[in-house]
$ cat model04.csv   # CSV, C-alpha atoms
chain,number,residue,atom,x,y,z
A,1,VAL,CA,-140.3,123.3,-119.3
A,2,SER,CA,-141.1,119.6,-119.5
A,3,ASP,CA,-144.0,118.0,-117.5
A,4,GLU,CA,-141.3,116.1,-115.6
A,5,ASP,CA,-139.7,119.3,-114.5
A,6,ILE,CA,-143.0,120.8,-113.5
A,7,VAL,CA,-143.9,117.7,-111.4
A,8,ARG,CA,-140.5,117.8,-109.6
A,9,SER,CA,-140.4,121.6,-109.1
A,10,LEU,CA,-144.0,121.8,-107.9
A,11,LEU,CA,-143.4,119.3,-105.2
A,12,ASP,CA,-140.2,121.1,-104.1
A,13,TYR,CA,-142.2,124.4,-104.0
A,14,LEU,CA,-145.0,122.9,-101.9
A,15,ARG,CA,-142.6,121.3,-99.5
A,16,SER,CA,-141.0,124.7,-98.9
A,17,LEU,CA,-144.3,126.4,-98.7
A,18,THR,CA,-145.8,124.0,-96.2
A,19,ALA,CA,-142.5,123.4,-94.3
A,20,CYS,CA,-143.2,119.7,-94.8
A,21,ARG,CA,-140.1,118.0,-96.2
A,22,VAL,CA,-141.7,114.6,-96.5
A,23,LEU,CA,-144.6,115.8,-98.6
A,24,ALA,CA,-145.4,113.4,-101.5
A,25,TYR,CA,-147.9,113.0,-104.2
A,26,ALA,CA,-150.9,110.9,-103.5
A,27,GLU,CA,-151.9,111.5,-107.2
A,28,PRO,CA,-149.1,112.7,-109.4
A,29,PRO,CA,-149.9,115.8,-111.6
A,30,ALA,CA,-151.7,114.8,-114.8
A,31,ARG,CA,-152.9,117.1,-117.6
A,32,MET,CA,-156.5,118.0,-117.8
A,33,SER,CA,-158.4,119.3,-120.9
A,34,GLY,CA,-159.0,123.0,-121.4
A,35,GLY,CA,-156.8,126.0,-121.1
A,36,TYR,CA,-155.8,128.2,-124.1
A,37,ASP,CA,-152.9,130.1,-122.5
A,38,ALA,CA,-152.5,127.9,-119.5
A,39,THR,CA,-151.7,124.3,-118.8
A,40,ILE,CA,-153.9,122.6,-116.3
A,41,PHE,CA,-152.9,119.7,-114.0
A,42,ARG,CA,-154.9,117.7,-111.5
A,43,PHE,CA,-153.0,116.3,-108.5
A,44,SER,CA,-153.3,115.6,-104.8
A,45,LEU,CA,-150.8,115.3,-101.9
A,46,GLN,CA,-150.1,112.8,-99.2
A,47,GLY,CA,-149.8,114.1,-95.6
A,48,ALA,CA,-150.4,117.7,-96.6
A,49,PRO,CA,-151.8,120.3,-94.1
A,50,ASP,CA,-154.9,122.3,-94.8
A,51,PRO,CA,-155.8,123.7,-97.2
A,52,PHE,CA,-153.7,121.4,-99.4
A,53,SER,CA,-155.2,118.1,-98.1
A,54,GLY,CA,-157.9,117.7,-100.8
A,55,PRO,CA,-157.9,117.3,-104.6
A,56,LEU,CA,-156.0,120.2,-106.2
A,57,VAL,CA,-155.5,121.9,-109.6
A,58,LEU,CA,-152.4,123.6,-110.9
A,59,ARG,CA,-153.2,126.3,-113.5
A,60,LEU,CA,-149.8,127.1,-115.1
A,61,PHE,CA,-149.8,130.2,-117.3
A,62,GLN,CA,-147.5,130.8,-120.2
A,63,ALA,CA,-144.5,132.9,-119.3
A,64,THR,CA,-145.7,135.8,-121.6
A,65,VAL,CA,-149.0,136.5,-119.7
A,66,ASP,CA,-149.4,139.7,-117.7
A,67,ALA,CA,-147.8,139.3,-114.3
A,68,LYS,CA,-151.0,140.4,-112.6
A,69,ARG,CA,-153.0,137.6,-114.3
A,70,ALA,CA,-152.6,135.0,-111.5
A,71,PRO,CA,-153.3,137.2,-108.5
A,72,ARG,CA,-156.2,138.8,-110.4
A,73,GLU,CA,-157.9,135.5,-111.1
A,74,ALA,CA,-157.3,134.5,-107.5
A,75,ALA,CA,-158.9,137.7,-106.2
A,76,VAL,CA,-162.0,137.1,-108.4
A,77,GLN,CA,-162.4,133.4,-107.5
A,78,ASN,CA,-161.9,133.9,-103.8
A,79,ALA,CA,-164.3,136.8,-103.8
A,80,LEU,CA,-167.0,134.7,-105.5
A,81,ALA,CA,-166.3,131.8,-103.2
A,82,GLU,CA,-166.7,134.0,-100.1
A,83,LEU,CA,-170.0,135.2,-101.5
A,84,GLY,CA,-171.2,131.6,-101.7
A,85,TYR,CA,-170.8,131.1,-105.4
A,86,LEU,CA,-169.4,127.9,-107.0
A,87,ALA,CA,-165.9,129.2,-107.8
A,88,ALA,CA,-162.8,127.3,-106.8
A,89,ARG,CA,-160.9,128.7,-103.8
A,90,VAL,CA,-157.4,129.7,-104.7
A,91,PHE,CA,-154.7,128.8,-102.2
A,92,VAL,CA,-151.6,130.0,-104.1
A,93,ALA,CA,-151.2,132.8,-106.6
A,94,GLU,CA,-147.6,132.9,-107.7
A,95,ALA,CA,-146.5,135.7,-110.2
A,96,ARG,CA,-142.8,134.5,-110.4
A,97,ILE,CA,-141.9,132.8,-113.7
A,98,GLU,CA,-138.8,131.0,-112.7
A,99,LEU,CA,-140.4,128.5,-110.3
A,100,LEU,CA,-142.4,126.5,-112.9
A,101,GLY,CA,-141.8,128.4,-116.1
A,102,GLY,CA,-144.7,130.7,-115.8
A,103,PRO,CA,-147.1,132.3,-113.2
A,104,PHE,CA,-149.5,129.8,-111.6
A,105,LEU,CA,-152.4,129.2,-109.4
A,106,ILE,CA,-153.0,126.3,-107.0
A,107,MET,CA,-156.7,125.8,-106.2
A,108,GLU,CA,-159.2,123.3,-105.0
A,109,ARG,CA,-160.4,120.8,-107.6
A,110,MET,CA,-164.1,121.0,-108.0
A,111,PRO,CA,-166.0,117.7,-108.7
A,112,GLY,CA,-168.1,117.0,-111.7
A,113,ARG,CA,-167.9,117.1,-115.5
A,114,PRO,CA,-168.6,120.0,-117.9
A,115,LEU,CA,-172.2,120.4,-119.1
A,116,GLY,CA,-172.5,118.9,-122.6
A,117,SER,CA,-169.3,117.0,-122.3
A,118,GLU,CA,-171.1,114.2,-124.2
A,119,PHE,CA,-170.5,116.2,-127.4
A,120,GLU,CA,-166.7,116.5,-127.0
A,121,GLY,CA,-164.7,114.5,-129.4
A,122,LEU,CA,-167.7,113.8,-131.8
A,123,SER,CA,-165.3,114.0,-134.7
A,124,ILE,CA,-163.5,110.8,-133.5
A,125,LYS,CA,-166.5,108.9,-132.3
A,126,GLY,CA,-167.9,106.1,-134.4
A,127,LEU,CA,-171.3,106.2,-136.0
A,128,ARG,CA,-172.9,104.0,-133.3
A,129,GLN,CA,-171.7,106.3,-130.5
A,130,THR,CA,-172.8,109.4,-132.4
A,131,LEU,CA,-176.3,108.1,-133.0
A,132,ASP,CA,-176.6,107.1,-129.4
A,133,ILE,CA,-175.7,110.6,-128.3
A,134,LEU,CA,-178.2,112.0,-130.7
A,135,ARG,CA,-181.0,109.8,-129.3
A,136,GLN,CA,-180.3,111.2,-125.9
A,137,LEU,CA,-180.3,114.7,-127.2
A,138,PRO,CA,-183.7,115.8,-125.7
A,139,ARG,CA,-182.7,114.7,-122.2
A,140,ILE,CA,-179.2,116.2,-122.5
A,141,ARG,CA,-180.6,119.5,-123.7
A,142,ARG,CA,-183.1,119.8,-120.8
A,143,GLU,CA,-180.4,119.0,-118.3
A,144,VAL,CA,-177.9,121.5,-119.8
A,145,LEU,CA,-180.4,124.3,-119.9
A,146,ARG,CA,-181.7,123.7,-116.4
A,147,LEU,CA,-178.2,123.8,-114.8
A,148,TRP,CA,-176.9,126.5,-117.1
A,149,ASP,CA,-179.8,128.8,-116.2
A,150,GLU,CA,-179.4,128.0,-112.5
A,151,ALA,CA,-175.7,128.9,-112.6
A,152,GLN,CA,-176.3,132.0,-114.6
A,153,THR,CA,-179.1,133.3,-112.4
A,154,ARG,CA,-177.1,132.7,-109.2
A,155,LEU,CA,-174.2,134.6,-110.6
A,156,HIS,CA,-176.2,137.6,-111.7
A,157,ASN,CA,-178.0,137.8,-108.3
A,158,LEU,CA,-174.7,138.2,-106.4
A,159,PRO,CA,-174.2,141.6,-104.7
A,160,VAL,CA,-171.9,143.6,-106.9
A,161,GLU,CA,-170.7,145.9,-104.1
A,162,ASN,CA,-169.6,143.0,-101.9
A,163,PHE,CA,-167.7,141.5,-104.8
A,164,VAL,CA,-166.0,144.9,-105.5
A,165,ASP,CA,-165.1,145.3,-101.8
A,166,ARG,CA,-163.4,141.9,-101.8
A,167,VAL,CA,-161.3,142.3,-105.0
A,168,GLU,CA,-160.3,145.8,-103.8
A,169,ARG,CA,-159.1,144.3,-100.5
A,170,ALA,CA,-157.0,141.9,-102.6
A,171,GLY,CA,-155.4,144.9,-104.4
A,172,PHE,CA,-157.4,145.3,-107.6
A,173,PRO,CA,-159.4,148.5,-108.1
A,174,GLY,CA,-163.1,147.9,-108.9
A,175,GLU,CA,-162.9,150.0,-112.0
A,176,ASN,CA,-160.6,147.4,-113.6
A,177,PHE,CA,-163.6,145.1,-113.8
A,178,THR,CA,-165.9,147.5,-115.6
A,179,TYR,CA,-167.0,147.2,-119.2
A,180,ASP,CA,-165.3,150.6,-119.9
A,181,SER,CA,-162.0,149.1,-118.8
A,182,GLN,CA,-162.5,146.1,-121.1
A,183,LEU,CA,-163.3,148.3,-124.1
A,184,ALA,CA,-160.3,150.5,-123.5
A,185,SER,CA,-158.1,147.5,-123.2
A,186,LEU,CA,-159.5,146.1,-126.5
A,187,ARG,CA,-158.7,149.3,-128.3
A,188,ALA,CA,-155.2,149.5,-126.9
A,189,SER,CA,-154.4,145.9,-127.9
A,190,ALA,CA,-155.6,146.5,-131.5
A,191,GLU,CA,-153.3,149.6,-131.7
A,192,VAL,CA,-150.3,147.9,-130.2
A,193,PHE,CA,-150.5,145.0,-132.7
A,194,GLY,CA,-151.3,147.1,-135.7
A,195,LEU,CA,-154.8,145.7,-136.3
A,196,ASN,CA,-156.0,148.7,-138.2
A,197,GLN,CA,-158.5,146.7,-140.2
A,198,LEU,CA,-160.5,146.1,-137.0
A,199,ARG,CA,-160.7,149.8,-136.1
A,200,PRO,CA,-164.1,150.4,-137.8
A,201,ALA,CA,-165.6,147.7,-135.5
A,202,ILE,CA,-164.0,149.1,-132.4
A,203,ASP,CA,-165.2,152.6,-133.3
A,204,TRP,CA,-168.7,151.1,-133.8
A,205,LEU,CA,-168.5,149.7,-130.3
A,206,SER,CA,-167.6,153.1,-128.9
A,207,LEU,CA,-170.4,154.9,-130.8
A,208,ASN,CA,-173.2,152.4,-130.3
A,209,ARG,CA,-173.1,151.6,-126.5
A,210,PRO,CA,-176.7,150.7,-125.7
A,211,SER,CA,-178.4,152.6,-122.9
A,212,ARG,CA,-178.4,150.6,-119.7
A,213,THR,CA,-181.8,149.1,-119.1
A,214,GLN,CA,-180.7,146.6,-116.4
A,215,THR,CA,-178.6,147.0,-113.2
A,216,ALA,CA,-175.0,146.0,-113.7
A,217,VAL,CA,-174.2,142.5,-112.5
A,218,ILE,CA,-171.1,140.2,-112.2
A,219,CYS,CA,-170.6,138.6,-115.5
A,220,HIS,CA,-168.4,135.6,-116.4
A,221,GLY,CA,-167.7,136.6,-120.0
A,222,ASP,CA,-167.4,133.1,-121.3
A,223,PHE,CA,-170.4,131.4,-119.6
A,224,GLN,CA,-170.8,128.5,-121.9
A,225,PRO,CA,-171.6,124.9,-120.8
A,226,LEU,CA,-168.0,123.6,-120.9
A,227,ASN,CA,-167.1,126.1,-118.1
A,228,ILE,CA,-169.9,124.8,-115.9
A,229,LEU,CA,-169.4,121.6,-113.8
A,230,ALA,CA,-172.1,119.3,-112.6
A,231,ASP,CA,-172.4,115.9,-110.9
A,232,HIS,CA,-175.5,113.7,-111.0
A,233,GLY,CA,-177.7,116.6,-111.9
A,234,ARG,CA,-176.3,119.0,-109.3
A,235,LEU,CA,-174.1,122.1,-110.0
A,236,THR,CA,-170.6,121.7,-108.6
A,237,GLY,CA,-168.5,124.5,-110.0
A,238,VAL,CA,-167.9,127.2,-112.6
A,239,ILE,CA,-164.3,127.6,-114.0
A,240,ASP,CA,-162.2,130.0,-116.1
A,241,TRP,CA,-162.9,133.5,-114.7
A,242,VAL,CA,-160.3,135.4,-116.8
A,243,LYS,CA,-163.0,137.6,-118.4
A,244,ALA,CA,-165.0,138.4,-115.3
A,245,THR,CA,-166.6,141.9,-115.8
A,246,ILE,CA,-169.2,144.0,-114.1
A,247,ALA,CA,-171.7,144.8,-116.9
A,248,ASP,CA,-175.2,144.6,-118.2
A,249,PRO,CA,-176.5,140.9,-118.1
A,250,ALA,CA,-176.4,141.0,-121.9
A,251,PHE,CA,-172.6,140.9,-121.7
A,252,ASP,CA,-172.9,137.2,-120.7
A,253,TYR,CA,-175.9,136.3,-123.0
A,254,GLY,CA,-174.4,138.1,-126.0
A,255,ALA,CA,-171.1,136.3,-125.5
A,256,VAL,CA,-172.7,132.9,-125.6
A,257,LEU,CA,-174.8,133.8,-128.7
A,258,ALA,CA,-171.6,134.9,-130.5
A,259,ILE,CA,-169.6,131.9,-129.4
A,260,PHE,CA,-172.2,129.3,-130.4
A,261,ALA,CA,-172.7,131.0,-133.8
A,262,THR,CA,-169.0,131.2,-134.7
A,263,VAL,CA,-166.8,128.7,-132.8
A,264,PRO,CA,-165.2,126.2,-135.3
A,265,ILE,CA,-166.9,122.8,-135.2
A,266,ARG,CA,-164.8,119.7,-136.0
A,267,VAL,CA,-167.3,117.0,-136.7
A,268,PRO,CA,-168.1,114.8,-139.7
A,269,ALA,CA,-169.5,117.0,-142.6
A,270,GLY,CA,-173.0,115.5,-142.3
A,271,LEU,CA,-173.3,116.6,-138.7
A,272,HIS,CA,-171.9,120.1,-139.0
A,273,ARG,CA,-175.1,121.9,-139.9
A,274,ALA,CA,-177.2,120.0,-137.4
A,275,LEU,CA,-174.8,120.6,-134.6
A,276,ARG,CA,-174.5,124.3,-135.4
A,277,ALA,CA,-178.3,124.6,-135.4
A,278,LEU,CA,-178.4,122.8,-132.0
A,279,MET,CA,-175.8,125.2,-130.5
A,280,ASN,CA,-177.7,128.3,-131.8
A,281,ASN,CA,-180.9,126.9,-130.5
A,282,LEU,CA,-179.3,126.3,-127.0
A,283,ALA,CA,-177.9,129.8,-126.9
A,284,ARG,CA,-181.2,131.3,-127.8
A,285,ALA,CA,-183.0,129.1,-125.2
A,286,HIS,CA,-180.5,130.1,-122.5
A,287,SER,CA,-180.9,133.8,-123.3
A,288,ARG,CA,-184.8,133.6,-123.4
A,289,ARG,CA,-185.2,135.2,-120.0
A,290,TYR,CA,-183.2,138.3,-121.1
A,291,ARG,CA,-184.7,138.3,-124.6
A,292,SER,CA,-188.1,138.6,-123.0
A,293,LEU,CA,-187.3,142.0,-121.6
A,294,PRO,CA,-188.2,145.1,-123.7
A,295,GLU,CA,-185.4,146.6,-125.7
A,296,SER,CA,-183.2,143.6,-125.3
A,297,GLU,CA,-182.1,143.1,-128.9
A,298,ALA,CA,-179.8,146.1,-129.2
A,299,PRO,CA,-177.7,145.1,-126.1
A,300,LEU,CA,-177.5,141.5,-127.3
A,301,ARG,CA,-176.4,142.5,-130.8
A,302,TYR,CA,-173.9,144.9,-129.2
A,303,TYR,CA,-172.2,142.4,-126.9
A,304,GLN,CA,-172.2,139.7,-129.6
A,305,THR,CA,-170.2,142.2,-131.7
A,306,PHE,CA,-167.9,142.9,-128.7
A,307,ASN,CA,-167.2,139.2,-128.2
A,308,CYS,CA,-166.4,138.7,-131.9
A,309,VAL,CA,-164.0,141.6,-132.0
A,310,VAL,CA,-162.3,140.4,-128.8
A,311,GLN,CA,-161.7,137.0,-130.5
A,312,LEU,CA,-160.3,138.7,-133.6
A,313,VAL,CA,-157.9,140.9,-131.6
A,314,THR,CA,-156.8,137.8,-129.7
A,315,VAL,CA,-156.0,136.0,-132.9
A,316,GLY,CA,-154.3,139.0,-134.4
A,317,ARG,CA,-152.1,139.4,-131.3
A,318,ASP,CA,-151.2,135.7,-131.3
A,319,ARG,CA,-150.2,135.8,-134.9
A,320,ALA,CA,-148.1,138.8,-134.4
A,321,GLN,CA,-146.4,137.0,-131.5
A,322,GLY,CA,-146.0,133.7,-133.4
A,323,ARG,CA,-148.4,131.9,-131.1
A,324,THR,CA,-150.9,129.2,-132.0
A,325,GLY,CA,-153.5,127.1,-130.2
A,326,HIS,CA,-156.4,129.6,-129.9
A,327,VAL,CA,-159.6,127.9,-131.0
A,328,TYR,CA,-160.3,130.7,-133.6
A,329,ASN,CA,-156.8,130.8,-135.0
A,330,SER,CA,-157.7,129.2,-138.3
A,331,SER,CA,-159.0,130.4,-141.7
A,332,VAL,CA,-162.5,129.0,-140.7
A,333,GLY,CA,-162.5,130.6,-137.3
A,334,VAL,CA,-161.5,134.0,-138.5
A,335,ALA,CA,-164.0,133.8,-141.4
A,336,ASN,CA,-166.8,132.9,-139.0
A,337,LEU,CA,-166.0,136.0,-136.8
A,338,ILE,CA,-165.6,138.4,-139.7
A,339,ASN,CA,-168.9,137.2,-141.2
A,340,GLN,CA,-170.7,137.6,-137.8
A,341,VAL,CA,-169.4,141.1,-137.4
A,342,HIS,CA,-170.8,141.9,-140.8
A,343,VAL,CA,-174.2,140.4,-140.0
A,344,LEU,CA,-174.4,142.3,-136.8
A,345,THR,CA,-173.1,145.7,-137.9
A,346,GLY,CA,-172.9,145.8,-141.7
A,347,LEU,CA,-169.1,146.5,-141.3
A,348,ASN,CA,-166.4,144.8,-143.3
A,349,VAL,CA,-163.3,144.0,-141.2
A,350,SER,CA,-160.3,141.8,-141.6
A,351,LEU,CA,-157.0,140.7,-140.0
A,352,PRO,CA,-153.5,141.4,-141.5
A,353,ALA,CA,-152.4,138.7,-143.9

$ encode --input "model04.csv" --output "structure tokens"
Amino acid sequence: VSDEDIVRSLLDYLRSLTACRVLAYAEPPARMSGGYDATIFRFSLQGAPDPFSGPLVLRLFQATVDAKRAPREAAVQNALAELGYLAARVFVAEARIELLGGPFLIMERMPGRPLGSEFEGLSIKGLRQTLDILRQLPRIRREVLRLWDEAQTRLHNLPVENFVDRVERAGFPGENFTYDSQLASLRASAEVFGLNQLRPAIDWLSLNRPSRTQTAVICHGDFQPLNILADHGRLTGVIDWVKATIADPAFDYGAVLAIFATVPIRVPAGLHRALRALMNNLARAHSRRYRSLPESEAPLRYYQTFNCVVQLVTVGRDRAQGRTGHVYNSSVGVANLINQVHVLTGLNVSLPA
């Protein structure tokens, strides 16, 4: 489906939904960055009734995603918004594929820019721009950590039982959001796609579950700065809730440690090592509150491993389905994950050739 088809079909859909035949675009849909298995558009409408009168986002999933994906994300985000958290309210969750070429969400557009967005595109910036960013590094680091910690703390302080009540009223059993459910889904996916070389790591995850030392909280699952929005030093939103899970706080902190240690970096060779060191330092600084707790290292190591295995299973699935685009779907990305699993567990794993 072309962008032109999406623009036309979206307006037809919204005219029908709002019973407003003269509805028009005040801001035509334009692609936004982000989204691995979804295409994201920003737009606004002219003469639209509430709740469609403000800036909006269309999150259009690929046709192959689970039919429950859109309503599940809507349930999560709306539950969090009702609890006062900075998640975008979802106004439409459409599971039908034929309308725009895939399931989709229409939600409010939250203001602000991702934390650390200054580092995006470093590989194409000139030397002067790069050096200017590096000179601002201490200030950027302080601001990122302050807002990141605030967003993380606010999320983990939300009442889990109230969140569960809301998602269940939306039709999703609370047990679907538990870590046990995530681990079972990981094992099932590895079996379906024949990723037998990953079985030792998945068995390790089943056998080495750390004893719970902290009360389970609502976790984001991918709580890295590019998913946190801010404007003039003020938090404005948190996006991309596909991995929301009720788990030990280490689930979030371990994920960030793993992501920052393994995600492929595309920058000039001379900056690669420095930027990786900066990322690892940021992840450790962000997790310092959890790391200060007794017996925190085992859970952090465990959930780092879980995140790496999730990424490997995702790449294996995509390759089996002939899909590309995942940030780890490269020789460098896979090698980083395999090496990190070995560092954390001593295991040797691989993906099918």

$ closest_residue --input "model04.csv" --among "A:Ser2, A:Ser117, A:Gln46, A:Thr215" --to "A:Ser33" --atoms "only C-alpha atoms"
A:Ser117

$ atom_distance --input "model04.csv" --atom1 "atom CA of A:Ser211" --atom2 "atom CA of A:Leu293"
13.9 Å

$ closest_residue --input "model04.csv" --among "A:Val309, A:Leu183, A:Leu257, A:Ile202" --to "A:His286" --atoms "only C-alpha atoms"
A:Leu257

$ residues_around --input "model04.csv" --residues "A:Gly333" --least-positions-apart "6" --cutoff "9 Å" --atoms "only C-alpha atoms" --output "PyMOL selection string"
chain A and resi 262-264+327

$ atom_distance --input "model04.csv" --atom1 "atom CA of A:Asn157" --atom2 "atom CA of A:Arg234"
18.9 Å

$ closest_residue --input "model04.csv" --among "A:Asn280, A:Asn348, A:Thr153, A:Gln62" --to "A:Tyr85" --atoms "all atoms listed in the file"
A:Thr153

$ closest_residue --input "model04.csv" --among "A:Ile106, A:Pro51, A:Tyr36, A:Val167" --to "A:Asn78" --atoms "only C-alpha atoms"
A:Val167

$ closest_residue --input "model04.csv" --among "A:Leu205, A:Ala247, A:Val242, A:Leu198" --to "A:Thr178" --atoms "all atoms listed in the file"
A:Ala247

$ atom_distance --input "model04.csv" --atom1 "atom CA of A:Trp241" --atom2 "atom CA of A:Gly221"
7.8 Å

$ closest_atom_pairs --input "model04.csv" --of "stretch 155-206 of chain A" --to "stretch 68-77 of chain A" --cutoff "10 Å" --atoms "only C-alpha atoms" --output "JSON lines"
{"residue": "A:Phe163", "atom": "CA", "partner": "A:Val76", "partner_atom": "CA", "distance": 8.1}
{"residue": "A:Val164", "atom": "CA", "partner": "A:Val76", "partner_atom": "CA", "distance": 9.2}
{"residue": "A:Arg166", "atom": "CA", "partner": "A:Ala75", "partner_atom": "CA", "distance": 7.6}
{"residue": "A:Val167", "atom": "CA", "partner": "A:Ala75", "partner_atom": "CA", "distance": 5.3}
{"residue": "A:Glu168", "atom": "CA", "partner": "A:Ala75", "partner_atom": "CA", "distance": 8.6}
{"residue": "A:Arg169", "atom": "CA", "partner": "A:Ala75", "partner_atom": "CA", "distance": 8.7}
{"residue": "A:Ala170", "atom": "CA", "partner": "A:Ala75", "partner_atom": "CA", "distance": 5.8}
{"residue": "A:Gly171", "atom": "CA", "partner": "A:Ala75", "partner_atom": "CA", "distance": 8.2}
{"residue": "A:Phe172", "atom": "CA", "partner": "A:Arg72", "partner_atom": "CA", "distance": 7.2}
{"residue": "A:Phe177", "atom": "CA", "partner": "A:Val76", "partner_atom": "CA", "distance": 9.8}

$ closest_residue --input "model04.csv" --among "A:Gln182, A:Asn336, A:Ser44, A:Thr39" --to "A:Ile246" --atoms "all atoms listed in the file"
A:Gln182
